[in-house]
>>> print(open('run12.tsv').read())   # TSV, C-alpha atoms and all ligand atoms
chain	number	residue	atom	x	y	z
A	1	MET	CA	-73.05	-1.43	52.57
A	2	THR	CA	-69.37	-1.65	51.79
A	3	ARG	CA	-67.30	-1.38	54.93
A	4	ARG	CA	-64.74	1.43	54.74
A	5	ILE	CA	-61.57	0.62	56.62
A	6	GLY	CA	-58.68	3.02	57.12
A	7	VAL	CA	-55.15	1.83	57.80
A	8	PHE	CA	-52.85	4.20	59.65
A	9	GLY	CA	-49.35	2.92	60.29
A	10	GLY	CA	-46.36	4.48	61.98
A	11	SER	CA	-43.67	3.76	64.48
A	12	PHE	CA	-45.69	5.75	67.03
A	13	ASP	CA	-42.63	6.21	69.20
A	14	PRO	CA	-44.46	7.88	70.82
A	15	PRO	CA	-47.86	8.57	69.24
A	16	HIS	CA	-48.74	12.26	69.50
A	17	LEU	CA	-51.53	14.76	68.97
A	18	ALA	CA	-50.71	15.38	65.30
A	19	HIS	CA	-51.25	11.66	64.68
A	20	ARG	CA	-54.62	11.88	66.39
A	21	ALA	CA	-55.60	15.01	64.45
A	22	LEU	CA	-54.62	13.31	61.21
A	23	ALA	CA	-56.55	10.17	62.12
A	24	ARG	CA	-59.68	12.14	63.01
A	25	ILE	CA	-59.57	14.02	59.71
A	26	ALA	CA	-59.11	10.73	57.83
A	27	ARG	CA	-62.02	9.11	59.65
A	28	ASP	CA	-64.35	12.03	59.04
A	29	HIS	CA	-63.24	13.06	55.56
A	30	LEU	CA	-63.26	9.52	54.15
A	31	ALA	CA	-66.41	8.51	56.10
A	32	LEU	CA	-64.58	5.50	57.52
A	33	ASP	CA	-66.40	2.86	59.55
A	34	GLU	CA	-63.14	2.11	61.31
A	35	LEU	CA	-59.63	3.50	61.37
A	36	ARG	CA	-57.01	0.97	62.37
A	37	TRP	CA	-53.85	2.20	64.05
A	38	LEU	CA	-51.00	-0.15	63.23
A	39	PRO	CA	-47.81	0.39	65.19
A	40	ALA	CA	-44.98	-0.97	63.05
A	41	GLY	CA	-43.05	-3.93	64.42
A	42	ARG	CA	-39.60	-3.00	63.27
A	43	PRO	CA	-39.99	-0.21	60.73
A	44	TRP	CA	-37.44	-0.94	58.04
A	45	GLN	CA	-37.05	2.78	57.36
A	46	LYS	CA	-35.89	3.39	60.93
A	47	ALA	CA	-33.60	0.42	61.47
A	48	ASP	CA	-30.78	2.62	62.75
A	49	ARG	CA	-32.47	3.60	66.02
A	50	ASP	CA	-33.71	1.66	69.00
A	51	LEU	CA	-37.45	2.00	69.37
A	52	ALA	CA	-39.40	1.86	72.59
A	53	SER	CA	-40.67	-1.68	73.07
A	54	ALA	CA	-43.65	-3.02	71.18
A	55	ALA	CA	-45.58	-3.28	74.45
A	56	ASP	CA	-44.91	0.37	75.33
A	57	ARG	CA	-45.83	1.70	71.89
A	58	GLU	CA	-48.98	-0.42	71.86
A	59	ALA	CA	-49.96	0.85	75.31
A	60	MET	CA	-49.38	4.48	74.32
A	61	VAL	CA	-51.50	4.17	71.17
A	62	ALA	CA	-54.25	2.60	73.28
A	63	LEU	CA	-54.10	5.57	75.67
A	64	LEU	CA	-54.11	8.14	72.86
A	65	ILE	CA	-57.15	6.69	71.08
A	66	ALA	CA	-59.20	5.64	74.12
A	67	GLY	CA	-62.85	6.58	73.74
A	68	GLU	CA	-62.51	7.78	70.12
A	69	ALA	CA	-65.32	6.65	67.85
A	70	GLY	CA	-64.16	4.29	65.11
A	71	PHE	CA	-60.52	4.09	66.20
A	72	MET	CA	-59.02	0.63	66.72
A	73	LEU	CA	-55.60	-0.55	67.74
A	74	ASP	CA	-54.43	-3.31	65.41
A	75	PRO	CA	-51.28	-4.92	66.80
A	76	ARG	CA	-50.63	-7.40	63.97
A	77	GLU	CA	-47.40	-5.77	62.79
A	78	LEU	CA	-46.01	-5.80	66.32
A	79	ARG	CA	-46.62	-9.53	66.46
A	80	ARG	CA	-44.76	-10.22	63.23
A	81	SER	CA	-41.17	-11.32	63.49
A	82	GLY	CA	-38.80	-9.50	61.18
A	83	PRO	CA	-39.57	-6.31	59.30
A	84	SER	CA	-43.20	-5.39	58.71
A	85	TYR	CA	-44.43	-4.37	55.28
A	86	THR	CA	-47.62	-2.47	54.55
A	87	VAL	CA	-48.36	-4.58	51.49
A	88	ASP	CA	-48.61	-7.70	53.66
A	89	THR	CA	-50.96	-5.94	56.08
A	90	LEU	CA	-53.25	-4.73	53.29
A	91	ARG	CA	-53.39	-8.21	51.78
A	92	GLU	CA	-54.32	-9.70	55.14
A	93	LEU	CA	-57.03	-7.13	55.74
A	94	ALA	CA	-58.43	-7.62	52.24
A	95	SER	CA	-58.82	-11.34	52.85
A	96	GLU	CA	-60.23	-10.86	56.36
A	97	HIS	CA	-62.82	-8.33	55.13
A	98	PRO	CA	-63.98	-9.44	51.71
A	99	GLY	CA	-65.68	-6.62	49.84
A	100	ALA	CA	-64.41	-3.90	52.17
A	101	GLU	CA	-62.85	-0.76	50.75
A	102	LEU	CA	-59.41	-0.10	52.19
A	103	PHE	CA	-57.79	3.32	52.59
A	104	LEU	CA	-54.10	3.73	53.28
A	105	VAL	CA	-53.65	6.90	55.32
A	106	ILE	CA	-50.18	8.41	55.11
A	107	GLY	CA	-48.40	11.70	55.60
A	108	ALA	CA	-47.20	13.64	52.56
A	109	ASP	CA	-43.56	13.00	53.56
A	110	GLN	CA	-44.10	9.25	53.42
A	111	PHE	CA	-46.08	9.51	50.20
A	112	ALA	CA	-43.15	11.26	48.51
A	113	GLY	CA	-41.01	8.17	49.13
A	114	LEU	CA	-43.68	5.59	48.37
A	115	ALA	CA	-41.85	4.14	45.37
A	116	SER	CA	-39.27	2.63	47.73
A	117	TRP	CA	-41.85	0.62	49.70
A	118	ARG	CA	-42.04	-3.13	49.26
A	119	GLU	CA	-44.19	-3.96	46.20
A	120	ALA	CA	-45.11	-0.28	45.94
A	121	THR	CA	-47.20	-0.60	42.80
A	122	GLU	CA	-49.47	-3.11	44.57
A	123	LEU	CA	-50.39	-0.58	47.27
A	124	PRO	CA	-52.76	1.55	45.14
A	125	ARG	CA	-54.36	-1.65	43.83
A	126	LEU	CA	-55.12	-2.82	47.36
A	127	ALA	CA	-56.14	0.51	48.90
A	128	THR	CA	-57.10	4.06	48.06
A	129	LEU	CA	-54.18	6.27	49.00
A	130	ALA	CA	-55.19	9.10	51.32
A	131	VAL	CA	-52.43	11.62	51.82
A	132	ALA	CA	-52.42	14.14	54.64
A	133	ALA	CA	-51.15	17.44	53.32
A	134	ARG	CA	-49.97	20.20	55.59
A	135	GLU	CA	-52.03	23.33	55.18
A	136	GLY	CA	-51.09	25.25	52.05
A	137	GLN	CA	-48.74	22.55	50.79
A	138	ALA	CA	-49.37	20.74	47.54
A	139	VAL	CA	-49.06	16.96	47.49
A	140	ARG	CA	-46.49	15.92	44.94
A	141	PRO	CA	-46.63	12.50	43.29
A	142	PRO	CA	-44.12	9.98	44.60
A	143	ALA	CA	-40.62	10.36	43.18
A	144	ASP	CA	-39.29	7.64	40.85
A	145	TRP	CA	-42.66	5.91	40.54
A	146	PRO	CA	-42.47	3.29	37.80
A	147	GLY	CA	-45.09	4.29	35.21
A	148	THR	CA	-48.08	6.56	35.74
A	149	ALA	CA	-48.28	7.97	39.26
A	150	PRO	CA	-51.06	6.46	41.40
A	151	ALA	CA	-54.21	8.46	42.15
A	152	TRP	CA	-54.60	9.79	45.67
A	153	ARG	CA	-57.10	11.55	47.91
A	154	VAL	CA	-55.98	14.60	49.85
A	155	LEU	CA	-56.71	14.96	53.55
A	156	PRO	CA	-56.58	18.65	54.46
A	157	LEU	CA	-54.58	18.84	57.66
A	158	PRO	CA	-54.08	22.00	59.71
A	159	ARG	CA	-50.45	22.58	60.55
A	160	HIS	CA	-49.19	20.72	63.64
A	161	ASP	CA	-45.55	21.26	64.42
A	162	ILE	CA	-45.23	18.04	66.36
A	163	SER	CA	-43.01	15.06	65.68
A	164	ALA	CA	-42.10	12.03	67.73
A	165	THR	CA	-38.48	13.14	67.40
A	166	GLU	CA	-39.34	16.44	69.13
A	167	VAL	CA	-41.24	14.61	71.88
A	168	ARG	CA	-38.23	12.37	72.58
A	169	ARG	CA	-35.89	15.36	72.55
A	170	ARG	CA	-38.04	17.21	75.07
A	171	VAL	CA	-38.30	14.23	77.41
A	172	ALA	CA	-34.52	13.79	77.33
A	173	ALA	CA	-34.15	17.51	78.12
A	174	GLY	CA	-36.55	17.21	81.07
A	175	GLU	CA	-39.22	19.36	79.43
A	176	ALA	CA	-42.99	18.79	79.64
A	177	VAL	CA	-44.59	16.91	76.75
A	178	SER	CA	-48.30	16.92	77.68
A	179	PRO	CA	-49.02	19.63	75.09
A	180	LEU	CA	-47.62	17.34	72.38
A	181	VAL	CA	-48.97	13.94	73.45
A	182	GLY	CA	-51.80	14.65	75.89
A	183	ASP	CA	-51.85	13.92	79.61
A	184	ALA	CA	-52.34	10.14	79.50
A	185	VAL	CA	-49.39	9.42	77.20
A	186	ALA	CA	-47.21	11.97	79.02
A	187	ARG	CA	-47.95	10.20	82.31
A	188	TYR	CA	-47.13	6.83	80.76
A	189	ILE	CA	-43.80	8.10	79.38
A	190	ASP	CA	-42.94	9.41	82.83
A	191	GLN	CA	-43.98	6.28	84.73
A	192	ARG	CA	-42.12	3.97	82.36
A	193	HIS	CA	-39.04	6.25	82.23
A	194	LEU	CA	-39.12	6.26	78.42
A	195	TYR	CA	-36.85	8.46	76.27
A	196	ARG	CA	-34.81	9.76	79.20
A	197	ALA	CA	-31.42	9.12	77.61
A	198	ALA	CA	-30.36	11.81	75.15
A	199	PRO	CA	-31.00	10.83	71.51
A	200	GLY	CA	-28.17	8.73	70.16
A	201	HIS	CA	-27.27	7.29	73.59
A	301	LIG	P1	-40.35	10.59	63.93
A	301	LIG	O1	-40.23	12.01	64.41
A	301	LIG	O2	-39.77	9.58	64.90
A	301	LIG	O3	-39.84	10.40	62.52
A	301	LIG	P2	-43.23	10.92	63.40
A	301	LIG	O4	-43.68	11.95	64.36
A	301	LIG	O5	-43.11	11.33	61.95
A	301	LIG	O6	-41.91	10.19	63.91
A	301	LIG	P3	-44.46	8.37	62.70
A	301	LIG	O7	-44.96	7.34	63.65
A	301	LIG	O8	-43.26	8.03	61.90
A	301	LIG	O9	-44.25	9.72	63.56
A	301	LIG	O10	-45.63	8.89	61.75
A	301	LIG	C1	-46.74	8.17	61.34
A	301	LIG	C2	-47.45	8.97	60.27
A	301	LIG	O11	-47.89	10.24	60.76
A	301	LIG	C3	-46.58	9.30	59.05
A	301	LIG	O12	-47.35	9.09	57.88
A	301	LIG	C4	-46.23	10.76	59.20
A	301	LIG	O13	-46.07	11.38	57.94
A	301	LIG	C5	-47.46	11.30	59.91
A	301	LIG	N1	-47.16	12.47	60.76
A	301	LIG	C6	-46.40	12.50	61.84
A	301	LIG	N2	-46.35	13.73	62.38
A	301	LIG	C7	-47.12	14.53	61.59
A	301	LIG	C8	-47.48	15.93	61.61
A	301	LIG	N3	-47.02	16.76	62.54
A	301	LIG	N4	-48.29	16.38	60.64
A	301	LIG	C9	-48.75	15.52	59.68
A	301	LIG	N5	-48.45	14.21	59.61
A	301	LIG	C10	-47.65	13.71	60.54
>>> encode(input="run12.tsv", output="structure tokens")
Amino acid sequence: MTRRIGVFGGSFDPPHLAHRALARIARDHLALDELRWLPAGRPWQKADRDLASAADREAMVALLIAGEAGFMLDPRELRRSGPSYTVDTLRELASEHPGAELFLVIGADQFAGLASWREATELPRLATLAVAAREGQAVRPPADWPGTAPAWRVLPLPRHDISATEVRRRVAAGEAVSPLVGDAVARYIDQRHLYRAAPGH
């Protein structure tokens, strides 16, 4: 049987419960054998902000996905020097798993800007695009795509008003974040004193 491998990338700074909900829906909806969480080394889209360290983001993803069937932490982008590109990751996975079917799991906001990604037109050749759409929101094809827009699968996602930005803001304001990230990640953020400085400092 063809192995079905999902690829879920993000800065995960920190990872939160909306990420986990999205990942679960992807795993179940696409009947994935494994869903790989890939924290981005130095996301080129977010070069203007200091991220928590690779080790901290890796540890928090591990805590968030512990015990979940089919979820795997894949740290390859953290180990890369320089910016990390999804196209490189998909090519690596394709050669490591010959014959596997790859699925690139992304949020609708990222999908809208897909044309700006490195070698964007290669992405739908390497993987089936699976786009998480907020409840009731249509998925629009990527803007400025050269040629015919790529096909995509829709992952129906209940609304989760959670973002990593909001988690960081709450930590800096001294507010509790367990409801957004779960107890284990909240404890880790506290113990490691992450995100205490106000955003922009
Ligand atoms: P930030 O607030 O720092 O921009 P983020 O919460 O969007 O971060 P990322 O690590 O950048 O987190 O996101 C990884 C993926 O998860 C992206 O594809 C993003 O679209 C998706 N995602 C994040 N939060 C949600 C959410 N609440 N609902 C649906 N998708 C989400």
>>> atom_distance(input="run12.tsv", atom1="atom CA of A:Val167", atom2="atom CA of A:Pro39")
17.0 Å
>>> closest_atom_pairs(input="run12.tsv", of="chain A", to="ligand LIG 301 (chain A)", cutoff="8 Å", atoms="only C-alpha atoms and all ligand atoms", output="Markdown table")
| residue | atom | partner | partner_atom | distance |
| --- | --- | --- | --- | --- |
| A:Phe8 | CA | A:LIG301 | C2 | 7.2 |
| A:Gly9 | CA | A:LIG301 | C1 | 6.0 |
| A:Gly10 | CA | A:LIG301 | O7 | 3.6 |
| A:Ser11 | CA | A:LIG301 | O7 | 3.9 |
| A:Phe12 | CA | A:LIG301 | O7 | 3.8 |
| A:Asp13 | CA | A:LIG301 | O7 | 6.1 |
| A:Pro14 | CA | A:LIG301 | O7 | 7.2 |
| A:Pro15 | CA | A:LIG301 | O7 | 6.4 |
| A:His16 | CA | A:LIG301 | O4 | 7.2 |
| A:Ala18 | CA | A:LIG301 | N3 | 4.8 |
| A:His19 | CA | A:LIG301 | O11 | 5.4 |
| A:Leu22 | CA | A:LIG301 | N5 | 6.4 |
| A:Pro39 | CA | A:LIG301 | O7 | 7.7 |
| A:Val105 | CA | A:LIG301 | O12 | 7.1 |
| A:Ile106 | CA | A:LIG301 | O12 | 4.0 |
| A:Gly107 | CA | A:LIG301 | O13 | 3.3 |
| A:Ala108 | CA | A:LIG301 | O13 | 5.9 |
| A:Asp109 | CA | A:LIG301 | O13 | 5.3 |
| A:Gln110 | CA | A:LIG301 | O13 | 5.4 |
| A:Phe111 | CA | A:LIG301 | O12 | 7.8 |
| A:Ala132 | CA | A:LIG301 | N5 | 6.4 |
| A:Ala133 | CA | A:LIG301 | C9 | 7.1 |
| A:Arg134 | CA | A:LIG301 | C9 | 6.3 |
| A:Leu157 | CA | A:LIG301 | C9 | 7.0 |
| A:Arg159 | CA | A:LIG301 | N4 | 6.6 |
| A:His160 | CA | A:LIG301 | N3 | 4.6 |
| A:Asp161 | CA | A:LIG301 | N3 | 5.1 |
| A:Ile162 | CA | A:LIG301 | N3 | 4.4 |
| A:Ser163 | CA | A:LIG301 | O4 | 3.4 |
| A:Ala164 | CA | A:LIG301 | O4 | 3.7 |
| A:Thr165 | CA | A:LIG301 | O1 | 3.6 |
| A:Glu166 | CA | A:LIG301 | O1 | 6.5 |
| A:Val167 | CA | A:LIG301 | O1 | 8.0 |
>>> residues_around(input="run12.tsv", residues="A:Leu104", least_positions_apart="5", cutoff="9 Å", atoms="only C-alpha atoms", output="VMD selection string")
chain A and resid 5 to 9 90 123 to 124 126 to 131
>>> write_last_selection(input="run12.tsv", atoms="C-alpha atoms", output="short mmCIF file (atom, residue, chain, number, x, y, z; two decimals), in the coordinates of the input")
data_model
loop_
_atom_site.label_atom_id
_atom_site.label_comp_id
_atom_site.auth_asym_id
_atom_site.auth_seq_id
_atom_site.Cartn_x
_atom_site.Cartn_y
_atom_site.Cartn_z
CA ILE A 5 -61.57 0.62 56.62
CA GLY A 6 -58.68 3.02 57.12
CA VAL A 7 -55.15 1.83 57.80
CA PHE A 8 -52.85 4.20 59.65
CA GLY A 9 -49.35 2.92 60.29
CA LEU A 90 -53.25 -4.73 53.29
CA LEU A 123 -50.39 -0.58 47.27
CA PRO A 124 -52.76 1.55 45.14
CA LEU A 126 -55.12 -2.82 47.36
CA ALA A 127 -56.14 0.51 48.90
CA THR A 128 -57.10 4.06 48.06
CA LEU A 129 -54.18 6.27 49.00
CA ALA A 130 -55.19 9.10 51.32
CA VAL A 131 -52.43 11.62 51.82
#
>>> closest_residue(input="run12.tsv", among="A:Gly70, A:His97, A:Pro142, A:Met60", to="A:Gln191", atoms="all atoms listed in the file")
A:Met60
>>> closest_residue(input="run12.tsv", among="A:Pro158, A:Leu51, A:Val181, A:Glu101", to="A:Ile65", atoms="only C-alpha atoms")
A:Val181
>>> residues_around(input="run12.tsv", residues="A:Arg118", least_positions_apart="4", cutoff="10 Å", atoms="only C-alpha atoms", output="PyMOL selection string")
chain A and resi 84-88+114+122-123
>>> closest_residue(input="run12.tsv", among="A:Thr89, A:Ala54, A:Phe103, A:Arg76", to="A:Glu34", atoms="all atoms listed in the file")
A:Phe103
>>> atom_distance(input="run12.tsv", atom1="atom CA of A:Ala149", atom2="atom CA of A:Thr121")
9.3 Å
>>> residues_around(input="run12.tsv", residues="A:Pro141", least_positions_apart="3", cutoff="10 Å", atoms="all atoms listed in the file", output="VMD selection string")
chain A and resid 108 111 to 115 138 144 to 145 148 to 152
>>> atom_distance(input="run12.tsv", atom1="atom CA of A:Ala69", atom2="atom CA of A:Ser53")
26.5 Å
>>> closest_residue(input="run12.tsv", among="A:Gly147, A:Leu78, A:Gly99, A:Leu35", to="A:Asp56", atoms="all atoms listed in the file")
A:Leu78
>>> residues_around(input="run12.tsv", residues="A:Leu17", least_positions_apart="4", cutoff="7 Å", atoms="all atoms listed in the file", output="list of chain:residue names")
A:Ala21, A:Leu180, A:Val181, A:Gly182
>>> residues_around(input="run12.tsv", residues="A:Ala176", least_positions_apart="6", cutoff="12 Å", atoms="all atoms listed in the file", output="list in words")
Glu166, Val167, Arg168, Arg169, Arg170, Gly182, Asp183, Val185, Ala186, Arg187, Ile189 and Asp190 of chain A
>>> closest_residue(input="run12.tsv", among="A:Leu63, A:Leu73, A:Ala197, A:Ala94", to="A:Arg4", atoms="only C-alpha atoms")
A:Ala94
>>> build_atoms(input="run12.tsv", residues="stretch 77-88 of chain A", atoms="all heavy atoms", output="mmCIF file, in the coordinates of the input")
data_model
loop_
_atom_site.group_PDB
_atom_site.id
_atom_site.type_symbol
_atom_site.label_atom_id
_atom_site.label_comp_id
_atom_site.auth_asym_id
_atom_site.auth_seq_id
_atom_site.Cartn_x
_atom_site.Cartn_y
_atom_site.Cartn_z
ATOM 1 N N GLU A 77 -48.785 -5.950 63.252
ATOM 2 C CA GLU A 77 -47.400 -5.770 62.790
ATOM 3 C C GLU A 77 -46.410 -5.914 63.941
ATOM 4 O O GLU A 77 -45.263 -6.302 63.728
ATOM 5 C CB GLU A 77 -47.246 -4.412 62.095
ATOM 6 C CG GLU A 77 -48.071 -4.320 60.813
ATOM 7 C CD GLU A 77 -47.745 -3.110 59.949
ATOM 8 O OE1 GLU A 77 -46.956 -2.249 60.375
ATOM 9 O OE2 GLU A 77 -48.293 -3.034 58.838
ATOM 10 N N LEU A 78 -46.870 -5.614 65.146
ATOM 11 C CA LEU A 78 -46.010 -5.800 66.320
ATOM 12 C C LEU A 78 -45.766 -7.269 66.590
ATOM 13 O O LEU A 78 -44.765 -7.644 67.196
ATOM 14 C CB LEU A 78 -46.672 -5.175 67.558
ATOM 15 C CG LEU A 78 -46.838 -3.665 67.564
ATOM 16 C CD1 LEU A 78 -47.683 -3.228 68.751
ATOM 17 C CD2 LEU A 78 -45.479 -2.986 67.613
ATOM 18 N N ARG A 79 -46.722 -8.103 66.177
ATOM 19 C CA ARG A 79 -46.620 -9.530 66.460
ATOM 20 C C ARG A 79 -45.780 -10.269 65.413
ATOM 21 O O ARG A 79 -45.426 -11.418 65.589
ATOM 22 C CB ARG A 79 -48.015 -10.182 66.484
ATOM 23 C CG ARG A 79 -49.016 -9.484 67.380
ATOM 24 C CD ARG A 79 -48.865 -9.891 68.844
ATOM 25 N NE ARG A 79 -49.951 -9.322 69.630
ATOM 26 C CZ ARG A 79 -49.843 -8.202 70.351
ATOM 27 N NH1 ARG A 79 -48.702 -7.539 70.392
ATOM 28 N NH2 ARG A 79 -50.878 -7.764 71.042
ATOM 29 N N ARG A 80 -45.526 -9.585 64.301
ATOM 30 C CA ARG A 80 -44.760 -10.220 63.230
ATOM 31 C C ARG A 80 -43.290 -10.251 63.599
ATOM 32 O O ARG A 80 -42.779 -9.290 64.151
ATOM 33 C CB ARG A 80 -44.879 -9.371 61.956
ATOM 34 C CG ARG A 80 -45.724 -10.005 60.894
ATOM 35 C CD ARG A 80 -45.841 -9.083 59.705
ATOM 36 N NE ARG A 80 -47.226 -8.932 59.339
ATOM 37 C CZ ARG A 80 -47.738 -7.891 58.695
ATOM 38 N NH1 ARG A 80 -46.971 -6.883 58.349
ATOM 39 N NH2 ARG A 80 -49.009 -7.858 58.403
ATOM 40 N N SER A 81 -42.611 -11.349 63.265
ATOM 41 C CA SER A 81 -41.170 -11.320 63.490
ATOM 42 C C SER A 81 -40.532 -10.788 62.203
ATOM 43 O O SER A 81 -41.059 -10.994 61.116
ATOM 44 C CB SER A 81 -40.650 -12.710 63.827
ATOM 45 O OG SER A 81 -40.990 -13.597 62.808
ATOM 46 N N GLY A 82 -39.440 -10.094 62.344
ATOM 47 C CA GLY A 82 -38.800 -9.500 61.180
ATOM 48 C C GLY A 82 -39.469 -8.206 60.785
ATOM 49 O O GLY A 82 -40.383 -7.744 61.461
ATOM 50 N N PRO A 83 -39.015 -7.602 59.707
ATOM 51 C CA PRO A 83 -39.570 -6.310 59.300
ATOM 52 C C PRO A 83 -41.023 -6.425 58.888
ATOM 53 O O PRO A 83 -41.471 -7.489 58.450
ATOM 54 C CB PRO A 83 -38.699 -5.901 58.102
ATOM 55 C CG PRO A 83 -37.960 -7.098 57.685
ATOM 56 C CD PRO A 83 -37.977 -8.084 58.799
ATOM 57 N N SER A 84 -41.775 -5.345 59.072
ATOM 58 C CA SER A 84 -43.200 -5.390 58.710
ATOM 59 C C SER A 84 -43.399 -4.543 57.459
ATOM 60 O O SER A 84 -42.854 -3.457 57.332
ATOM 61 C CB SER A 84 -44.051 -4.868 59.857
ATOM 62 O OG SER A 84 -43.576 -3.634 60.334
ATOM 63 N N TYR A 85 -44.177 -5.064 56.531
ATOM 64 C CA TYR A 85 -44.430 -4.370 55.280
ATOM 65 C C TYR A 85 -45.925 -4.108 55.138
ATOM 66 O O TYR A 85 -46.762 -4.984 55.380
ATOM 67 C CB TYR A 85 -43.932 -5.205 54.091
ATOM 68 C CG TYR A 85 -42.432 -5.378 54.093
ATOM 69 C CD1 TYR A 85 -41.849 -6.586 54.455
ATOM 70 C CD2 TYR A 85 -41.593 -4.312 53.760
ATOM 71 C CE1 TYR A 85 -40.475 -6.735 54.472
ATOM 72 C CE2 TYR A 85 -40.214 -4.452 53.772
ATOM 73 C CZ TYR A 85 -39.662 -5.664 54.131
ATOM 74 O OH TYR A 85 -38.298 -5.801 54.158
ATOM 75 N N THR A 86 -46.232 -2.887 54.701
ATOM 76 C CA THR A 86 -47.620 -2.470 54.550
ATOM 77 C C THR A 86 -48.371 -3.347 53.558
ATOM 78 O O THR A 86 -49.551 -3.650 53.752
ATOM 79 C CB THR A 86 -47.649 -0.992 54.111
ATOM 80 O OG1 THR A 86 -46.946 -0.236 55.095
ATOM 81 C CG2 THR A 86 -49.058 -0.475 53.983
ATOM 82 N N VAL A 87 -47.677 -3.774 52.498
ATOM 83 C CA VAL A 87 -48.360 -4.580 51.490
ATOM 84 C C VAL A 87 -48.905 -5.877 52.093
ATOM 85 O O VAL A 87 -50.004 -6.327 51.749
ATOM 86 C CB VAL A 87 -47.431 -4.831 50.271
ATOM 87 C CG1 VAL A 87 -46.278 -5.769 50.612
ATOM 88 C CG2 VAL A 87 -48.217 -5.349 49.084
ATOM 89 N N ASP A 88 -48.152 -6.469 53.009
ATOM 90 C CA ASP A 88 -48.610 -7.700 53.660
ATOM 91 C C ASP A 88 -49.858 -7.426 54.511
ATOM 92 O O ASP A 88 -50.812 -8.209 54.532
ATOM 93 C CB ASP A 88 -47.517 -8.281 54.561
ATOM 94 C CG ASP A 88 -46.271 -8.663 53.774
ATOM 95 O OD1 ASP A 88 -46.410 -9.034 52.597
ATOM 96 O OD2 ASP A 88 -45.172 -8.578 54.346
#
